[in-house]
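Everything on this sheet refers to the single structure shown next.
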Number of protein chains: 2
Amino acid sequence: MAELGPFCSELVRQVRAQDTYGLWDGKLDVELLGPFLIDKAKAREIPVIGDPDPAVLARLTLFYAAVALAIEKRSGIMASPLMSITGEGFGRVVLTCGRLVAVSKTLRDVHRFGFPSLEKLEATGAALVEDALTWIEKFNDAATAD
Amino acid sequence: MAELGPFCSELVRQVRAQDTYGLWDGKLDVELLGPFLIDKAKAREIPVIGDPDPAVLARLTLFYAAVALAIEKRSGIMASPLMSITGEGFGRVVLTCGRLVAVSKTLRDVHRFGFPSLEKLEATGAALVEDALTWIEKFNDAATAD
(Lines give C-alpha, C1' and ligand atoms only; values in the text may rest on other atoms or scores of the structure.)
Protein backbone atom coordinates (compact mmCIF):
# COMPACT_ATOMS: atom_id res chain seq x y z
CA MET A 1 0.00 0.00 0.00
CA ALA A 2 1.30 3.43 -0.97
CA GLU A 3 2.22 5.80 1.83
CA LEU A 4 -0.12 8.70 2.56
CA GLY A 5 0.92 12.13 1.34
CA PRO A 6 1.77 14.89 3.84
CA PHE A 7 -1.67 16.48 3.69
CA CYS A 8 -3.52 13.20 4.23
CA SER A 9 -1.16 12.41 7.13
CA GLU A 10 -2.02 15.75 8.74
CA LEU A 11 -5.72 15.01 8.26
CA VAL A 12 -5.31 11.59 9.88
CA ARG A 13 -3.69 13.32 12.89
CA GLN A 14 -6.70 15.65 13.10
CA VAL A 15 -9.11 12.71 12.95
CA ARG A 16 -7.19 10.74 15.59
CA ALA A 17 -7.12 13.84 17.85
CA GLN A 18 -10.93 13.52 18.05
CA ASP A 19 -10.63 9.97 19.31
CA THR A 20 -10.48 10.77 23.04
CA TYR A 21 -11.09 7.18 24.12
CA GLY A 22 -8.69 5.49 21.74
CA LEU A 23 -11.50 3.53 20.06
CA TRP A 24 -9.78 3.86 16.67
CA ASP A 25 -6.30 2.86 17.81
CA GLY A 26 -6.61 -0.41 15.90
CA LYS A 27 -7.79 1.28 12.71
CA LEU A 28 -5.54 1.92 9.74
CA ASP A 29 -5.01 5.51 8.58
CA VAL A 30 -6.77 4.79 5.28
CA GLU A 31 -9.79 3.45 7.15
CA LEU A 32 -10.07 6.73 9.05
CA LEU A 33 -10.01 8.65 5.77
CA GLY A 34 -12.70 6.40 4.29
CA PRO A 35 -15.59 8.76 5.13
CA PHE A 36 -13.82 11.55 3.18
CA LEU A 37 -14.07 9.49 0.00
CA ILE A 38 -17.27 9.67 -2.02
CA ASP A 39 -17.33 8.74 -5.66
CA LYS A 40 -19.26 10.94 -8.06
CA ALA A 41 -22.17 8.55 -8.55
CA LYS A 42 -22.62 8.17 -4.80
CA ALA A 43 -22.34 11.95 -4.29
CA ARG A 44 -25.14 12.57 -6.77
CA GLU A 45 -27.43 10.33 -4.73
CA ILE A 46 -27.09 12.55 -1.64
CA PRO A 47 -29.99 15.03 -1.59
CA VAL A 48 -28.92 18.66 -1.17
CA ILE A 49 -32.14 19.59 0.60
CA GLY A 50 -32.27 20.61 4.25
CA ASP A 51 -29.37 21.00 6.65
CA PRO A 52 -26.15 19.12 5.88
CA ASP A 53 -25.53 16.07 8.05
CA PRO A 54 -23.56 16.98 11.24
CA ALA A 55 -21.04 14.24 10.32
CA VAL A 56 -20.27 15.93 6.99
CA LEU A 57 -19.87 19.28 8.76
CA ALA A 58 -17.46 17.63 11.19
CA ARG A 59 -15.41 16.27 8.26
CA LEU A 60 -15.38 19.70 6.59
CA THR A 61 -14.13 21.23 9.85
CA LEU A 62 -11.40 18.58 10.15
CA PHE A 63 -10.35 19.12 6.54
CA TYR A 64 -9.82 22.87 7.05
CA ALA A 65 -8.23 22.28 10.47
CA ALA A 66 -5.68 20.07 8.67
CA VAL A 67 -5.11 22.84 6.08
CA ALA A 68 -4.60 25.35 8.94
CA LEU A 69 -2.15 23.09 10.78
CA ALA A 70 -0.17 22.38 7.62
CA ILE A 71 0.08 26.13 6.93
CA GLU A 72 1.28 26.75 10.47
CA LYS A 73 3.90 23.97 10.25
CA ARG A 74 5.27 25.29 6.97
CA SER A 75 5.17 29.04 7.71
CA GLY A 76 5.39 29.24 11.50
CA ILE A 77 2.33 31.50 11.44
CA MET A 78 -0.88 30.40 13.14
CA ALA A 79 -3.88 30.08 10.82
CA SER A 80 -7.38 30.46 12.31
CA PRO A 81 -10.32 28.90 10.44
CA LEU A 82 -13.72 30.58 10.37
CA MET A 83 -16.60 28.83 8.63
CA SER A 84 -20.16 29.87 8.04
CA ILE A 85 -22.64 27.43 6.48
CA THR A 86 -26.25 28.17 5.67
CA GLY A 87 -28.89 25.49 6.03
CA GLU A 88 -28.91 25.02 2.27
CA GLY A 89 -25.32 23.75 2.22
CA PHE A 90 -23.80 26.98 0.94
CA GLY A 91 -21.21 28.91 2.84
CA ARG A 92 -17.78 30.35 3.09
CA VAL A 93 -14.62 29.42 4.89
CA VAL A 94 -11.60 31.62 5.51
CA LEU A 95 -8.30 30.89 7.20
CA THR A 96 -6.71 34.01 8.61
CA CYS A 97 -3.02 34.52 9.43
CA GLY A 98 -2.67 37.75 11.38
CA ARG A 99 -4.34 40.33 9.14
CA LEU A 100 -4.10 38.17 6.01
CA VAL A 101 -6.85 36.05 4.47
CA ALA A 102 -4.60 33.09 3.64
CA VAL A 103 -7.45 30.89 2.36
CA SER A 104 -10.89 31.95 1.17
CA LYS A 105 -13.30 29.44 -0.30
CA THR A 106 -16.94 29.60 -1.24
CA LEU A 107 -18.61 26.33 -0.29
CA ARG A 108 -21.49 24.78 -2.16
CA ASP A 109 -23.24 21.43 -1.92
CA VAL A 110 -21.66 20.88 1.48
CA HIS A 111 -23.99 17.87 1.82
CA ARG A 112 -21.80 16.12 -0.75
CA PHE A 113 -18.39 17.13 0.65
CA GLY A 114 -15.92 14.40 -0.23
CA PHE A 115 -13.31 13.33 -2.74
CA PRO A 116 -13.31 10.65 -5.44
CA SER A 117 -9.92 9.29 -4.32
CA LEU A 118 -7.14 9.67 -1.75
CA GLU A 119 -5.00 11.22 -4.48
CA LYS A 120 -7.62 13.89 -5.11
CA LEU A 121 -7.99 14.52 -1.35
CA GLU A 122 -4.22 14.92 -1.03
CA ALA A 123 -4.00 17.17 -4.10
CA THR A 124 -6.87 19.44 -3.00
CA GLY A 125 -5.53 19.91 0.52
CA ALA A 126 -1.94 20.39 -0.67
CA ALA A 127 -3.06 22.99 -3.26
CA LEU A 128 -4.88 25.02 -0.58
CA VAL A 129 -1.76 24.93 1.60
CA GLU A 130 0.55 25.95 -1.27
CA ASP A 131 -1.76 28.77 -2.31
CA ALA A 132 -1.89 30.06 1.28
CA LEU A 133 1.92 29.96 1.53
CA THR A 134 2.16 32.04 -1.65
CA TRP A 135 -0.13 34.68 -0.16
CA ILE A 136 1.81 34.64 3.12
CA GLU A 137 5.04 35.21 1.22
CA LYS A 138 3.49 37.99 -0.87
CA PHE A 139 1.89 39.82 2.05
CA ASN A 140 4.16 38.79 4.88
CA ASP A 141 3.70 42.09 6.77
CA ALA A 142 -0.07 41.58 6.91
CA ALA A 143 0.34 37.88 7.83
CA THR A 144 2.53 38.75 10.81
CA ALA A 145 0.53 41.82 11.91
CA ASP A 146 -1.59 42.15 15.04
CA MET B 1 -33.90 65.71 18.83
CA ALA B 2 -30.22 65.37 17.94
CA GLU B 3 -29.41 64.06 14.48
CA LEU B 4 -28.11 60.52 14.20
CA GLY B 5 -24.38 60.05 13.58
CA PRO B 6 -23.17 58.60 10.27
CA PHE B 7 -22.82 55.06 11.63
CA CYS B 8 -26.31 55.01 13.16
CA SER B 9 -27.70 56.39 9.89
CA GLU B 10 -26.04 53.54 7.98
CA LEU B 11 -27.49 51.04 10.46
CA VAL B 12 -30.96 52.54 10.01
CA ARG B 13 -30.61 52.07 6.25
CA GLN B 14 -29.69 48.41 6.88
CA VAL B 15 -32.72 47.94 9.12
CA ARG B 16 -35.08 49.63 6.64
CA ALA B 17 -33.68 47.44 3.83
CA GLN B 18 -35.15 44.44 5.71
CA ASP B 19 -38.59 46.01 5.65
CA THR B 20 -39.76 44.57 2.33
CA TYR B 21 -43.39 45.47 2.89
CA GLY B 22 -42.86 49.02 4.13
CA LEU B 23 -44.45 48.23 7.50
CA TRP B 24 -41.97 50.54 9.26
CA ASP B 25 -42.33 53.49 6.89
CA GLY B 26 -44.12 55.45 9.61
CA LYS B 27 -41.50 54.68 12.24
CA LEU B 28 -38.82 57.14 13.29
CA ASP B 29 -35.17 56.20 12.83
CA VAL B 30 -34.62 56.17 16.60
CA GLU B 31 -37.53 53.77 17.04
CA LEU B 32 -35.89 51.33 14.63
CA LEU B 33 -32.67 51.49 16.63
CA GLY B 34 -34.54 50.87 19.89
CA PRO B 35 -33.91 47.10 19.92
CA PHE B 36 -30.14 47.80 19.71
CA LEU B 37 -30.27 49.61 23.06
CA ILE B 38 -30.07 47.56 26.23
CA ASP B 39 -29.00 49.13 29.49
CA LYS B 40 -26.58 47.24 31.68
CA ALA B 41 -29.12 46.21 34.34
CA LYS B 42 -31.45 44.82 31.65
CA ALA B 43 -28.55 43.05 29.89
CA ARG B 44 -27.61 41.26 33.11
CA GLU B 45 -31.13 39.86 33.34
CA ILE B 46 -30.80 38.05 29.99
CA PRO B 47 -29.67 34.47 30.63
CA VAL B 48 -26.60 33.43 28.59
CA ILE B 49 -27.68 29.79 28.52
CA GLY B 50 -28.74 28.04 25.32
CA ASP B 51 -28.77 29.45 21.81
CA PRO B 52 -28.96 33.22 21.39
CA ASP B 53 -32.36 34.51 20.28
CA PRO B 54 -32.64 34.66 16.44
CA ALA B 55 -33.66 38.34 16.76
CA VAL B 56 -30.39 39.19 18.51
CA LEU B 57 -28.43 37.32 15.84
CA ALA B 58 -30.29 39.32 13.19
CA ARG B 59 -29.31 42.57 14.95
CA LEU B 60 -25.69 41.45 15.21
CA THR B 61 -25.71 40.68 11.47
CA LEU B 62 -27.21 44.10 10.67
CA PHE B 63 -24.65 45.84 12.88
CA TYR B 64 -21.71 44.26 11.03
CA ALA B 65 -23.43 44.76 7.67
CA ALA B 66 -23.56 48.48 8.51
CA VAL B 67 -19.86 48.42 9.43
CA ALA B 68 -19.10 46.68 6.11
CA LEU B 69 -21.14 49.20 4.10
CA ALA B 70 -19.55 52.17 5.87
CA ILE B 71 -16.08 50.75 5.12
CA GLU B 72 -17.01 50.32 1.47
CA LYS B 73 -18.38 53.86 1.20
CA ARG B 74 -15.25 55.36 2.75
CA SER B 75 -12.62 53.22 1.02
CA GLY B 76 -14.29 52.11 -2.20
CA ILE B 77 -13.32 48.53 -1.33
CA MET B 78 -16.01 45.92 -0.74
CA ALA B 79 -15.99 44.37 2.74
CA SER B 80 -17.46 40.87 3.19
CA PRO B 81 -18.66 39.83 6.65
CA LEU B 82 -18.26 36.28 7.92
CA MET B 83 -19.65 35.35 11.29
CA SER B 84 -19.55 32.12 13.26
CA ILE B 85 -21.47 31.81 16.52
CA THR B 86 -21.52 28.77 18.75
CA GLY B 87 -24.65 27.84 20.66
CA GLU B 88 -23.14 29.25 23.83
CA GLY B 89 -23.11 32.79 22.46
CA PHE B 90 -19.40 32.85 21.70
CA GLY B 91 -18.03 33.39 18.26
CA ARG B 92 -15.96 35.40 15.87
CA VAL B 93 -16.71 37.85 13.13
CA VAL B 94 -14.34 39.02 10.42
CA LEU B 95 -14.82 41.52 7.63
CA THR B 96 -12.52 40.85 4.71
CA CYS B 97 -11.44 43.33 2.02
CA GLY B 98 -9.68 41.43 -0.73
CA ARG B 99 -6.95 39.51 1.09
CA LEU B 100 -7.06 41.75 4.17
CA VAL B 101 -8.81 41.04 7.46
CA ALA B 102 -10.14 44.57 7.93
CA VAL B 103 -12.13 43.75 11.09
CA SER B 104 -11.67 40.81 13.44
CA LYS B 105 -13.69 40.55 16.63
CA THR B 106 -14.16 37.82 19.16
CA LEU B 107 -17.79 37.76 20.27
CA ARG B 108 -18.95 36.79 23.71
CA ASP B 109 -22.31 36.93 25.47
CA VAL B 110 -24.00 37.40 22.10
CA HIS B 111 -27.31 36.87 23.96
CA ARG B 112 -26.80 40.34 25.47
CA PHE B 113 -25.68 42.16 22.31
CA GLY B 114 -26.73 45.78 22.64
CA PHE B 115 -25.55 49.22 23.67
CA PRO B 116 -26.38 51.40 26.68
CA SER B 117 -27.06 54.47 24.49
CA LEU B 118 -27.22 55.71 20.91
CA GLU B 119 -23.96 57.56 21.54
CA LYS B 120 -22.25 54.31 22.53
CA LEU B 121 -23.73 52.51 19.49
CA GLU B 122 -22.45 55.28 17.21
CA ALA B 123 -19.02 55.33 18.85
CA THR B 124 -18.58 51.54 18.71
CA GLY B 125 -19.57 51.28 15.05
CA ALA B 126 -17.52 54.33 14.06
CA ALA B 127 -14.44 52.98 15.88
CA LEU B 128 -14.68 49.65 14.01
CA VAL B 129 -14.91 51.54 10.70
CA GLU B 130 -11.96 53.83 11.53
CA ASP B 131 -9.84 50.90 12.64
CA ALA B 132 -10.63 49.03 9.43
CA LEU B 133 -9.72 52.08 7.32
CA THR B 134 -6.35 52.28 9.12
CA TRP B 135 -5.63 48.63 8.24
CA ILE B 136 -6.75 49.19 4.64
CA GLU B 137 -4.37 52.14 4.36
CA LYS B 138 -1.53 50.19 5.95
CA PHE B 139 -1.97 47.05 3.83
CA ASN B 140 -3.55 48.51 0.72
CA ASP B 141 -1.97 45.93 -1.60
CA ALA B 142 -3.57 43.06 0.33
CA ALA B 143 -6.91 44.92 0.56
CA THR B 144 -7.05 45.33 -3.21
CA ALA B 145 -5.70 41.85 -4.06
CA ASP B 146 -7.65 39.01 -5.62
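As shown in the C-alpha coordinates, the chain order sets the letters A, B, ...; within each chain, residues go from 1, and ligands are also counted from 1 in the order they appear.
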
List every residue of segment 25-99 of chain A that has an atom at most 12 Å from any atom of segment 84-88 of chain B, giving for each one its closest atom pair and the distance in Å to one decimal, counting only C-alpha atoms, sorted by chain and then by ascending residue number, as a tab-separated table.
residue	atom	partner	partner_atom	distance
A:Pro81	CA	B:Ser84	CA	10.2
A:Leu82	CA	B:Ser84	CA	6.7
A:Met83	CA	B:Ser84	CA	6.4
A:Ser84	CA	B:Ser84	CA	5.7
A:Ile85	CA	B:Ser84	CA	8.8
A:Thr86	CA	B:Ser84	CA	10.9
A:Gly91	CA	B:Ser84	CA	11.0
A:Arg92	CA	B:Ser84	CA	10.5
A:Val93	CA	B:Ser84	CA	10.1
A:Val94	CA	B:Ser84	CA	11.1

**Message:** For a quick test of understanding: name the residues of chain A lying within 12 Å of chain B when counting only C-alpha atoms, and present them as an MDAnalysis selection string.
**Reply:** chainID A and resid 80:86 91:106 132 135:146

**All helix (DSSP H, G or I) residues (DSSP, backbone) inside segment 36-118 of chain A, as a VMD selection string** = chain A and resid 36 40 to 45 54 to 75 110 to 112 118

Would you export the selected residues with N, CA, C and O atoms as a short mmCIF file (atom, residue, chain, number, x, y, z; two decimals), in the first residue's frame, please?
data_model
loop_
_atom_site.label_atom_id
_atom_site.label_comp_id
_atom_site.auth_asym_id
_atom_site.auth_seq_id
_atom_site.Cartn_x
_atom_site.Cartn_y
_atom_site.Cartn_z
N PHE A 36 -14.10 10.38 4.03
CA PHE A 36 -13.82 11.55 3.18
C PHE A 36 -13.92 11.21 1.70
O PHE A 36 -13.84 12.09 0.85
N LYS A 40 -18.31 9.98 -7.47
CA LYS A 40 -19.26 10.94 -8.06
C LYS A 40 -20.69 10.40 -8.12
O LYS A 40 -21.65 11.14 -7.87
N ALA A 41 -20.83 9.13 -8.45
CA ALA A 41 -22.17 8.55 -8.55
C ALA A 41 -22.86 8.57 -7.19
O ALA A 41 -24.02 8.93 -7.07
N LYS A 42 -22.08 8.20 -6.16
CA LYS A 42 -22.62 8.17 -4.80
C LYS A 42 -22.96 9.60 -4.34
O LYS A 42 -23.98 9.83 -3.67
N ALA A 43 -22.11 10.56 -4.68
CA ALA A 43 -22.34 11.95 -4.29
C ALA A 43 -23.67 12.46 -4.86
O ALA A 43 -24.43 13.13 -4.18
N ARG A 44 -23.91 12.09 -6.12
CA ARG A 44 -25.14 12.57 -6.77
C ARG A 44 -26.40 12.05 -6.09
O ARG A 44 -27.46 12.67 -6.17
N GLU A 45 -26.26 10.91 -5.42
CA GLU A 45 -27.43 10.33 -4.73
C GLU A 45 -27.79 11.06 -3.44
O GLU A 45 -28.88 10.89 -2.92
N PRO A 54 -24.63 16.53 10.33
CA PRO A 54 -23.56 16.98 11.24
C PRO A 54 -22.23 16.26 11.00
O PRO A 54 -21.18 16.84 11.19
N ALA A 55 -22.28 14.99 10.56
CA ALA A 55 -21.04 14.24 10.32
C ALA A 55 -20.25 14.85 9.16
O ALA A 55 -19.02 14.90 9.19
N VAL A 56 -20.97 15.33 8.14
CA VAL A 56 -20.27 15.93 6.99
C VAL A 56 -19.69 17.29 7.40
O VAL A 56 -18.58 17.65 6.99
N LEU A 57 -20.39 18.01 8.26
CA LEU A 57 -19.87 19.28 8.76
C LEU A 57 -18.61 19.06 9.60
O LEU A 57 -17.66 19.83 9.53
N ALA A 58 -18.63 17.96 10.38
CA ALA A 58 -17.46 17.63 11.19
C ALA A 58 -16.26 17.32 10.29
O ALA A 58 -15.14 17.74 10.56
N ARG A 59 -16.50 16.59 9.19
CA ARG A 59 -15.41 16.27 8.26
C ARG A 59 -14.88 17.53 7.58
O ARG A 59 -13.67 17.69 7.38
N LEU A 60 -15.79 18.43 7.21
CA LEU A 60 -15.38 19.70 6.59
C LEU A 60 -14.51 20.49 7.55
O LEU A 60 -13.46 21.06 7.16
N THR A 61 -14.91 20.52 8.83
CA THR A 61 -14.13 21.23 9.85
C THR A 61 -12.75 20.61 10.00
O THR A 61 -11.75 21.33 10.09
N LEU A 62 -12.69 19.27 10.02
CA LEU A 62 -11.40 18.58 10.15
C LEU A 62 -10.50 18.85 8.95
O LEU A 62 -9.30 19.04 9.09
N PHE A 63 -11.11 18.87 7.77
CA PHE A 63 -10.35 19.12 6.54
C PHE A 63 -9.66 20.49 6.62
O PHE A 63 -8.45 20.61 6.39
N TYR A 64 -10.42 21.53 6.99
CA TYR A 64 -9.82 22.87 7.05
C TYR A 64 -8.90 23.04 8.26
O TYR A 64 -7.95 23.82 8.22
N ALA A 65 -9.16 22.28 9.33
CA ALA A 65 -8.23 22.28 10.47
C ALA A 65 -6.89 21.71 10.02
O ALA A 65 -5.82 22.21 10.41
N ALA A 66 -6.92 20.67 9.19
CA ALA A 66 -5.68 20.07 8.67
C ALA A 66 -4.95 21.06 7.76
O ALA A 66 -3.72 21.18 7.81
N VAL A 67 -5.72 21.81 6.94
CA VAL A 67 -5.11 22.84 6.08
C VAL A 67 -4.43 23.89 6.98
O VAL A 67 -3.27 24.27 6.75
N ALA A 68 -5.14 24.33 8.03
CA ALA A 68 -4.60 25.35 8.94
C ALA A 68 -3.32 24.88 9.61
O ALA A 68 -2.33 25.60 9.68
N LEU A 69 -3.33 23.63 10.10
CA LEU A 69 -2.15 23.09 10.78
C LEU A 69 -0.96 22.96 9.84
O LEU A 69 0.18 23.27 10.20
N ALA A 70 -1.24 22.53 8.60
CA ALA A 70 -0.17 22.38 7.62
C ALA A 70 0.44 23.74 7.29
O ALA A 70 1.66 23.88 7.16
N ILE A 71 -0.42 24.77 7.19
CA ILE A 71 0.08 26.13 6.93
C ILE A 71 0.98 26.58 8.08
O ILE A 71 2.07 27.12 7.86
N GLU A 72 0.51 26.33 9.30
CA GLU A 72 1.28 26.75 10.47
C GLU A 72 2.65 26.04 10.53
O GLU A 72 3.66 26.67 10.81
N LYS A 73 2.64 24.72 10.22
CA LYS A 73 3.90 23.97 10.25
C LYS A 73 4.90 24.49 9.22
O LYS A 73 6.09 24.51 9.46
N ARG A 74 4.38 24.87 8.05
CA ARG A 74 5.27 25.29 6.97
C ARG A 74 5.73 26.73 7.13
O ARG A 74 6.85 27.08 6.73
N SER A 75 4.85 27.61 7.68
CA SER A 75 5.17 29.04 7.71
C SER A 75 5.54 29.54 9.10
O SER A 75 6.10 30.63 9.24
N VAL A 110 -22.41 21.42 0.34
CA VAL A 110 -21.66 20.88 1.48
C VAL A 110 -22.14 19.47 1.83
O VAL A 110 -21.35 18.63 2.27
N HIS A 111 -23.42 19.20 1.58
CA HIS A 111 -23.99 17.87 1.82
C HIS A 111 -23.14 16.77 1.17
O HIS A 111 -23.09 15.66 1.66
N ARG A 112 -22.53 17.12 0.04
CA ARG A 112 -21.80 16.12 -0.75
C ARG A 112 -20.28 16.24 -0.59
O ARG A 112 -19.53 15.72 -1.42
N LEU A 118 -8.13 9.13 -2.69
CA LEU A 118 -7.14 9.67 -1.75
C LEU A 118 -6.20 10.64 -2.45
O LEU A 118 -5.78 11.65 -1.87
#

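As for atom CA of Asp51 of chain A and atom CA of Cys8 of chain A, they are spaced 27.1 Å apart.
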